[in-house]
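Pasted below: target.txt, compact mmCIF, N, CA and C atoms.
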# COMPACT_ATOMS: atom_id res chain seq x y z
N MET A 1428 0.99 -8.72 2.71
CA MET A 1428 0.38 -8.97 1.43
C MET A 1428 -1.05 -9.47 1.60
N LYS A 1429 -1.25 -10.35 2.60
CA LYS A 1429 -2.61 -10.87 2.80
C LYS A 1429 -3.58 -9.78 3.21
N THR A 1430 -3.09 -8.76 3.95
CA THR A 1430 -3.98 -7.68 4.35
C THR A 1430 -4.36 -6.82 3.15
N ILE A 1431 -3.41 -6.62 2.24
CA ILE A 1431 -3.72 -5.85 1.02
C ILE A 1431 -4.80 -6.57 0.22
N LEU A 1432 -4.64 -7.88 0.06
CA LEU A 1432 -5.64 -8.65 -0.69
C LEU A 1432 -6.99 -8.64 0.00
N LEU A 1433 -6.99 -8.75 1.32
CA LEU A 1433 -8.25 -8.76 2.07
C LEU A 1433 -9.00 -7.45 1.85
N VAL A 1434 -8.30 -6.34 1.92
CA VAL A 1434 -8.94 -5.03 1.74
C VAL A 1434 -9.35 -4.82 0.29
N CYS A 1435 -8.48 -5.15 -0.65
CA CYS A 1435 -8.78 -4.89 -2.07
C CYS A 1435 -9.85 -5.81 -2.64
N LEU A 1436 -9.91 -7.05 -2.16
CA LEU A 1436 -10.88 -8.00 -2.70
C LEU A 1436 -12.22 -7.96 -1.98
N GLY A 1437 -12.22 -7.52 -0.72
CA GLY A 1437 -13.47 -7.41 0.03
C GLY A 1437 -14.09 -8.77 0.33
N VAL A 1438 -13.27 -9.78 0.58
CA VAL A 1438 -13.79 -11.11 0.90
C VAL A 1438 -13.66 -11.37 2.40
N ARG A 1439 -14.27 -12.44 2.85
CA ARG A 1439 -14.14 -12.83 4.26
C ARG A 1439 -12.75 -13.41 4.52
N LYS A 1440 -12.29 -13.23 5.76
CA LYS A 1440 -10.96 -13.73 6.12
C LYS A 1440 -10.82 -15.22 5.84
N GLY A 1441 -11.81 -15.99 6.22
CA GLY A 1441 -11.74 -17.44 6.04
C GLY A 1441 -11.66 -17.84 4.58
N GLU A 1442 -12.33 -17.09 3.72
CA GLU A 1442 -12.28 -17.38 2.29
C GLU A 1442 -10.89 -17.11 1.73
N LEU A 1443 -10.25 -16.05 2.22
CA LEU A 1443 -8.93 -15.70 1.71
C LEU A 1443 -7.86 -16.66 2.22
N ILE A 1444 -7.85 -16.95 3.51
CA ILE A 1444 -6.76 -17.78 4.03
C ILE A 1444 -6.84 -19.22 3.55
N ALA A 1445 -8.04 -19.68 3.18
CA ALA A 1445 -8.19 -21.06 2.70
C ALA A 1445 -8.19 -21.14 1.17
N ALA A 1446 -7.87 -20.02 0.51
CA ALA A 1446 -7.89 -19.99 -0.96
C ALA A 1446 -6.85 -20.94 -1.54
N LYS A 1447 -7.27 -21.66 -2.58
CA LYS A 1447 -6.38 -22.60 -3.28
C LYS A 1447 -6.06 -22.04 -4.66
N TRP A 1448 -4.88 -22.35 -5.12
CA TRP A 1448 -4.47 -21.90 -6.45
C TRP A 1448 -5.41 -22.41 -7.54
N SER A 1449 -6.00 -23.56 -7.34
CA SER A 1449 -6.90 -24.12 -8.35
C SER A 1449 -8.17 -23.28 -8.54
N GLU A 1450 -8.48 -22.41 -7.60
CA GLU A 1450 -9.66 -21.54 -7.70
C GLU A 1450 -9.40 -20.31 -8.57
N PHE A 1451 -8.14 -20.06 -8.89
CA PHE A 1451 -7.77 -18.83 -9.59
C PHE A 1451 -7.47 -19.08 -11.05
N ASP A 1452 -7.98 -18.18 -11.87
CA ASP A 1452 -7.65 -18.12 -13.29
C ASP A 1452 -6.98 -16.76 -13.49
N LEU A 1453 -5.66 -16.73 -13.33
CA LEU A 1453 -4.95 -15.46 -13.40
C LEU A 1453 -4.85 -14.91 -14.81
N ASP A 1454 -5.00 -15.76 -15.82
CA ASP A 1454 -4.99 -15.28 -17.20
C ASP A 1454 -6.22 -14.42 -17.47
N ASN A 1455 -7.37 -14.85 -16.92
CA ASN A 1455 -8.62 -14.10 -17.11
C ASN A 1455 -8.99 -13.26 -15.90
N LEU A 1456 -8.12 -13.26 -14.88
CA LEU A 1456 -8.30 -12.46 -13.66
C LEU A 1456 -9.63 -12.73 -12.96
N ILE A 1457 -9.86 -14.01 -12.67
CA ILE A 1457 -11.09 -14.42 -11.98
C ILE A 1457 -10.73 -15.37 -10.84
N TRP A 1458 -11.38 -15.17 -9.71
CA TRP A 1458 -11.27 -16.09 -8.57
C TRP A 1458 -12.66 -16.71 -8.40
N ARG A 1459 -12.74 -18.01 -8.54
CA ARG A 1459 -14.01 -18.72 -8.41
C ARG A 1459 -14.07 -19.41 -7.05
N LEU A 1460 -14.97 -18.92 -6.20
CA LEU A 1460 -15.20 -19.55 -4.90
C LEU A 1460 -16.37 -20.51 -5.06
N SER A 1461 -16.12 -21.76 -4.80
CA SER A 1461 -17.18 -22.75 -4.94
C SER A 1461 -18.23 -22.57 -3.84
N ALA A 1462 -19.40 -23.09 -4.09
CA ALA A 1462 -20.53 -22.93 -3.17
C ALA A 1462 -20.22 -23.48 -1.78
N ASP A 1463 -19.45 -24.54 -1.70
CA ASP A 1463 -19.15 -25.13 -0.39
C ASP A 1463 -18.17 -24.28 0.43
N ARG A 1464 -17.57 -23.25 -0.19
CA ARG A 1464 -16.64 -22.39 0.53
C ARG A 1464 -17.21 -21.01 0.87
N THR A 1465 -18.47 -20.77 0.54
CA THR A 1465 -19.06 -19.46 0.83
C THR A 1465 -20.12 -19.56 1.91
N LYS A 1466 -20.33 -18.46 2.58
CA LYS A 1466 -21.32 -18.41 3.65
C LYS A 1466 -22.74 -18.63 3.11
N THR A 1467 -22.98 -18.09 1.91
CA THR A 1467 -24.31 -18.18 1.31
C THR A 1467 -24.56 -19.48 0.57
N LYS A 1468 -23.53 -20.32 0.46
CA LYS A 1468 -23.61 -21.60 -0.27
C LYS A 1468 -23.93 -21.41 -1.74
N ALA A 1469 -23.51 -20.27 -2.28
CA ALA A 1469 -23.65 -19.99 -3.71
C ALA A 1469 -22.27 -19.69 -4.27
N GLU A 1470 -21.99 -20.19 -5.47
CA GLU A 1470 -20.70 -19.91 -6.09
C GLU A 1470 -20.54 -18.42 -6.33
N ILE A 1471 -19.34 -17.93 -6.12
CA ILE A 1471 -19.05 -16.51 -6.32
C ILE A 1471 -17.86 -16.40 -7.27
N LYS A 1472 -17.99 -15.51 -8.26
CA LYS A 1472 -16.88 -15.19 -9.14
C LYS A 1472 -16.41 -13.78 -8.78
N ILE A 1473 -15.15 -13.67 -8.41
CA ILE A 1473 -14.58 -12.40 -8.01
C ILE A 1473 -13.62 -11.95 -9.10
N LEU A 1474 -13.91 -10.80 -9.69
CA LEU A 1474 -13.03 -10.26 -10.71
C LEU A 1474 -11.81 -9.65 -10.03
N LEU A 1475 -10.64 -9.96 -10.53
CA LEU A 1475 -9.39 -9.48 -9.96
C LEU A 1475 -8.86 -8.31 -10.79
N SER A 1476 -8.37 -7.31 -10.12
CA SER A 1476 -7.76 -6.17 -10.79
C SER A 1476 -6.43 -6.59 -11.39
N ILE A 1477 -6.12 -6.06 -12.56
CA ILE A 1477 -4.83 -6.35 -13.20
C ILE A 1477 -3.68 -5.90 -12.29
N GLY A 1478 -3.93 -4.88 -11.48
CA GLY A 1478 -2.91 -4.39 -10.57
C GLY A 1478 -2.56 -5.36 -9.46
N LEU A 1479 -3.44 -6.33 -9.20
CA LEU A 1479 -3.17 -7.34 -8.17
C LEU A 1479 -2.36 -8.51 -8.70
N LYS A 1480 -2.26 -8.62 -10.01
CA LYS A 1480 -1.57 -9.77 -10.60
C LYS A 1480 -0.14 -9.94 -10.09
N PRO A 1481 0.65 -8.85 -9.94
CA PRO A 1481 2.00 -9.04 -9.38
C PRO A 1481 1.99 -9.60 -7.95
N PHE A 1482 0.98 -9.25 -7.16
CA PHE A 1482 0.87 -9.80 -5.81
C PHE A 1482 0.66 -11.31 -5.87
N PHE A 1483 -0.22 -11.76 -6.76
CA PHE A 1483 -0.48 -13.18 -6.90
C PHE A 1483 0.75 -13.93 -7.43
N GLU A 1484 1.47 -13.31 -8.35
CA GLU A 1484 2.69 -13.94 -8.86
C GLU A 1484 3.73 -14.10 -7.75
N GLU A 1485 3.85 -13.09 -6.89
CA GLU A 1485 4.78 -13.18 -5.76
C GLU A 1485 4.32 -14.25 -4.77
N LEU A 1486 3.01 -14.31 -4.50
CA LEU A 1486 2.48 -15.34 -3.60
C LEU A 1486 2.75 -16.74 -4.14
N LYS A 1487 2.63 -16.89 -5.45
CA LYS A 1487 2.87 -18.20 -6.07
C LYS A 1487 4.31 -18.65 -5.79
N LEU A 1488 5.25 -17.73 -5.92
CA LEU A 1488 6.65 -18.05 -5.63
C LEU A 1488 6.84 -18.40 -4.15
N ARG A 1489 6.21 -17.64 -3.28
CA ARG A 1489 6.39 -17.83 -1.84
C ARG A 1489 5.64 -19.03 -1.29
N SER A 1490 4.69 -19.55 -2.03
CA SER A 1490 3.92 -20.70 -1.52
C SER A 1490 4.65 -22.02 -1.77
N TYR A 1491 5.75 -21.98 -2.49
CA TYR A 1491 6.62 -23.15 -2.70
C TYR A 1491 5.86 -24.42 -3.11
N GLY A 1492 4.99 -24.27 -4.09
CA GLY A 1492 4.30 -25.43 -4.62
C GLY A 1492 3.10 -25.90 -3.82
N SER A 1493 2.74 -25.20 -2.77
CA SER A 1493 1.57 -25.56 -1.98
C SER A 1493 0.30 -25.34 -2.80
N GLU A 1494 -0.74 -26.07 -2.46
CA GLU A 1494 -2.02 -25.84 -3.14
C GLU A 1494 -2.72 -24.58 -2.62
N TYR A 1495 -2.22 -24.03 -1.49
CA TYR A 1495 -2.84 -22.85 -0.87
C TYR A 1495 -2.03 -21.59 -1.15
N LEU A 1496 -2.73 -20.46 -1.25
CA LEU A 1496 -2.06 -19.18 -1.39
C LEU A 1496 -1.22 -18.87 -0.16
N PHE A 1497 -1.77 -19.18 1.01
CA PHE A 1497 -1.11 -18.89 2.28
C PHE A 1497 -0.91 -20.18 3.06
N PRO A 1498 0.08 -20.97 2.66
CA PRO A 1498 0.30 -22.25 3.35
C PRO A 1498 0.82 -22.04 4.77
N SER A 1499 0.49 -22.98 5.62
CA SER A 1499 0.99 -22.95 6.99
C SER A 1499 2.48 -23.27 6.98
N ARG A 1500 3.22 -22.60 7.84
CA ARG A 1500 4.66 -22.89 7.94
C ARG A 1500 4.93 -24.14 8.75
N ARG A 1501 3.98 -24.47 9.61
CA ARG A 1501 4.14 -25.64 10.48
C ARG A 1501 3.20 -26.75 10.03
N VAL A 1502 3.60 -27.96 10.29
CA VAL A 1502 2.73 -29.09 9.99
C VAL A 1502 1.56 -29.04 10.97
N ASN A 1503 0.36 -29.08 10.42
CA ASN A 1503 -0.83 -28.95 11.23
C ASN A 1503 -1.82 -30.03 10.79
N LYS A 1504 -2.31 -30.80 11.73
CA LYS A 1504 -3.26 -31.87 11.38
C LYS A 1504 -4.61 -31.31 10.98
N ARG A 1505 -4.95 -30.13 11.50
CA ARG A 1505 -6.26 -29.57 11.23
C ARG A 1505 -6.38 -28.96 9.84
N ARG A 1506 -5.33 -28.24 9.41
CA ARG A 1506 -5.38 -27.62 8.08
C ARG A 1506 -3.98 -27.27 7.61
N SER A 1507 -3.87 -27.07 6.30
CA SER A 1507 -2.56 -26.82 5.69
C SER A 1507 -2.34 -25.36 5.33
N TYR A 1508 -3.24 -24.49 5.75
CA TYR A 1508 -3.10 -23.06 5.46
C TYR A 1508 -3.01 -22.28 6.77
N ILE A 1509 -2.66 -20.99 6.68
CA ILE A 1509 -2.46 -20.19 7.87
C ILE A 1509 -3.73 -20.11 8.71
N SER A 1510 -3.56 -19.83 9.99
CA SER A 1510 -4.71 -19.76 10.89
C SER A 1510 -5.35 -18.38 10.85
N ASP A 1511 -6.57 -18.31 11.35
CA ASP A 1511 -7.27 -17.03 11.48
C ASP A 1511 -6.44 -16.07 12.33
N ASP A 1512 -5.80 -16.61 13.37
CA ASP A 1512 -5.01 -15.78 14.28
C ASP A 1512 -3.86 -15.09 13.56
N THR A 1513 -3.27 -15.76 12.58
CA THR A 1513 -2.18 -15.16 11.81
C THR A 1513 -2.68 -13.92 11.09
N LEU A 1514 -3.84 -14.02 10.47
CA LEU A 1514 -4.41 -12.88 9.76
C LEU A 1514 -4.88 -11.82 10.75
N ASN A 1515 -5.48 -12.23 11.85
CA ASN A 1515 -5.91 -11.27 12.87
C ASN A 1515 -4.74 -10.46 13.38
N HIS A 1516 -3.61 -11.12 13.60
CA HIS A 1516 -2.41 -10.44 14.08
C HIS A 1516 -1.92 -9.42 13.04
N ALA A 1517 -1.91 -9.81 11.78
CA ALA A 1517 -1.49 -8.90 10.72
C ALA A 1517 -2.42 -7.70 10.63
N LEU A 1518 -3.72 -7.93 10.76
CA LEU A 1518 -4.68 -6.82 10.72
C LEU A 1518 -4.52 -5.90 11.92
N ALA A 1519 -4.28 -6.47 13.09
CA ALA A 1519 -4.08 -5.65 14.29
C ALA A 1519 -2.85 -4.77 14.13
N LYS A 1520 -1.79 -5.32 13.59
CA LYS A 1520 -0.57 -4.53 13.38
C LYS A 1520 -0.83 -3.42 12.37
N LEU A 1521 -1.69 -3.67 11.43
CA LEU A 1521 -1.97 -2.70 10.39
C LEU A 1521 -2.84 -1.55 10.89
N PHE A 1522 -3.87 -1.89 11.67
CA PHE A 1522 -4.89 -0.89 12.00
C PHE A 1522 -4.84 -0.34 13.42
N VAL A 1523 -4.02 -0.85 14.31
CA VAL A 1523 -4.00 -0.36 15.68
C VAL A 1523 -2.90 0.69 15.83
N ASN A 1524 -3.34 1.93 16.10
CA ASN A 1524 -2.43 3.05 16.35
C ASN A 1524 -1.38 3.25 15.26
N LYS A 1525 -1.73 2.95 14.05
CA LYS A 1525 -0.78 3.13 12.96
C LYS A 1525 -1.50 3.76 11.78
N GLY A 1526 -1.97 4.98 11.98
CA GLY A 1526 -2.73 5.66 10.95
C GLY A 1526 -2.01 5.74 9.62
N TYR A 1527 -0.69 5.90 9.65
CA TYR A 1527 0.06 6.00 8.40
C TYR A 1527 -0.04 4.72 7.59
N LYS A 1528 -0.14 3.58 8.26
CA LYS A 1528 -0.26 2.31 7.53
C LYS A 1528 -1.64 2.18 6.91
N LYS A 1529 -2.66 2.68 7.61
CA LYS A 1529 -4.00 2.64 7.03
C LYS A 1529 -4.02 3.45 5.74
N LYS A 1530 -3.39 4.61 5.77
CA LYS A 1530 -3.35 5.44 4.58
C LYS A 1530 -2.57 4.73 3.47
N LYS A 1531 -1.48 4.09 3.83
CA LYS A 1531 -0.66 3.38 2.85
C LYS A 1531 -1.45 2.26 2.16
N ILE A 1532 -2.18 1.48 2.95
CA ILE A 1532 -2.95 0.37 2.37
C ILE A 1532 -4.08 0.89 1.50
N PHE A 1533 -4.72 1.99 1.92
CA PHE A 1533 -5.79 2.59 1.14
C PHE A 1533 -5.24 3.10 -0.19
N LEU A 1534 -4.10 3.78 -0.14
CA LEU A 1534 -3.49 4.29 -1.36
C LEU A 1534 -3.05 3.16 -2.28
N MET A 1535 -2.57 2.07 -1.70
CA MET A 1535 -2.19 0.91 -2.51
C MET A 1535 -3.40 0.35 -3.25
N CYS A 1536 -4.53 0.27 -2.57
CA CYS A 1536 -5.75 -0.23 -3.23
C CYS A 1536 -6.20 0.71 -4.34
N LEU A 1537 -6.09 2.01 -4.10
CA LEU A 1537 -6.44 2.98 -5.14
C LEU A 1537 -5.52 2.82 -6.36
N LEU A 1538 -4.24 2.62 -6.11
CA LEU A 1538 -3.28 2.41 -7.19
C LEU A 1538 -3.63 1.16 -7.99
N VAL A 1539 -3.98 0.10 -7.27
CA VAL A 1539 -4.35 -1.14 -7.94
C VAL A 1539 -5.55 -0.92 -8.83
N GLN A 1540 -6.54 -0.19 -8.33
CA GLN A 1540 -7.73 0.09 -9.13
C GLN A 1540 -7.39 0.96 -10.33
N GLU A 1541 -6.50 1.94 -10.15
CA GLU A 1541 -6.09 2.82 -11.23
C GLU A 1541 -5.40 2.02 -12.33
N LEU A 1542 -4.55 1.08 -11.95
CA LEU A 1542 -3.86 0.26 -12.95
C LEU A 1542 -4.86 -0.59 -13.72
N ASN A 1543 -5.93 -0.98 -13.10
CA ASN A 1543 -6.96 -1.77 -13.76
C ASN A 1543 -7.68 -0.94 -14.83
N ILE A 1544 -7.84 0.35 -14.57
CA ILE A 1544 -8.52 1.24 -15.51
C ILE A 1544 -7.67 1.44 -16.76
N LEU A 1545 -6.35 1.59 -16.55
CA LEU A 1545 -5.46 1.81 -17.68
C LEU A 1545 -5.42 0.57 -18.52

Show me the file's structure as C-alpha cells.
Amino acid sequence: MKTILLVCLGVRKGELIAAKWSEFDLDNLIWRLSADRTKTKAEIKILLSIGLKPFFEELKLRSYGSEYLFPSRRVNKRRSYISDDTLNHALAKLFVNKGYKKKKIFLMCLLVQELNIL
C-alpha cells in the first residue's frame, strides 16, 4: 500500500513514511505538509485523488490509533514510524525483476486517477 501511495502521490519517501494523520483532511482530500517537513522548507498542499480515499481508510484501520500512517511495529527510541529500509525493501520487491508488478502498480494509479475524474 505504501508503494502505491508513493507512486501515486509523487512525494519523497521520508515525507510519506513520517506522515501523520493530523496532516490529512480526507473530507476535502488534502494533505498539508508543513514547512519543517519539506526539503524546500515551504508548506506544500497535496491534492488527493478520490480514488485513494479507500487506501487511506484502510491505513487508518491498520494504524491502530497511531498518529502515523505507517507506525513502527517495534518500539523504537529514534522514531515511531517505519524506517526508510522498510520502504526500500518494499520498492525493491516491487521493481526488481517483476515487470508484471510494475504494470499492476501503474494500472492501479491510472484507475485511481480515472475515479477522480468521474

Per-residue nearest contacts of stretch 1447-1466 of chain A to stretch 1472-1485 of chain A (8 Å; all atoms listed in the file) as a Markdown table:
| residue | atom | partner | partner_atom | distance |
| --- | --- | --- | --- | --- |
| A:Leu1453 | CA | A:Lys1480 | CA | 7.2 |
| A:Asn1455 | C | A:Leu1475 | N | 6.5 |
| A:Leu1456 | C | A:Leu1475 | N | 3.8 |
| A:Ile1457 | CA | A:Ile1473 | C | 4.6 |
| A:Trp1458 | C | A:Ile1473 | N | 3.9 |
| A:Arg1459 | CA | A:Lys1472 | CA | 4.6 |
| A:Leu1460 | N | A:Lys1472 | N | 5.0 |
| A:Ser1461 | N | A:Lys1472 | N | 7.4 |

Set up a box along x, y and z of the file covering all listed atoms of stretch 1446-1464 of chain A, add 8 Å on every one of the six sides, and write the centre and edge lengths in Å to one decimal, as AutoDock Vina command-line options.
--center_x -12.5 --center_y -18.8 --center_z -8.3 --size_x 32.1 --size_y 28.7 --size_z 34.3

Q.
Just to confirm, what's the straight-line distance from atom N of A:Cys1435 to atom N of A:Ser1493 in Å (one decimal)?
A.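 Between atom N of A:Cys1435 and atom N of A:Ser1493 the gap works out to 23.1 Å.
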
Q: Could you give me, as a PyMOL selection string, the residues that sit within 7 Å of (-8.1, -21.9, 7.9) in the file's coordinates, counting all atoms listed in the file?
A: chain A and resi 1441+1444-1445+1506-1511
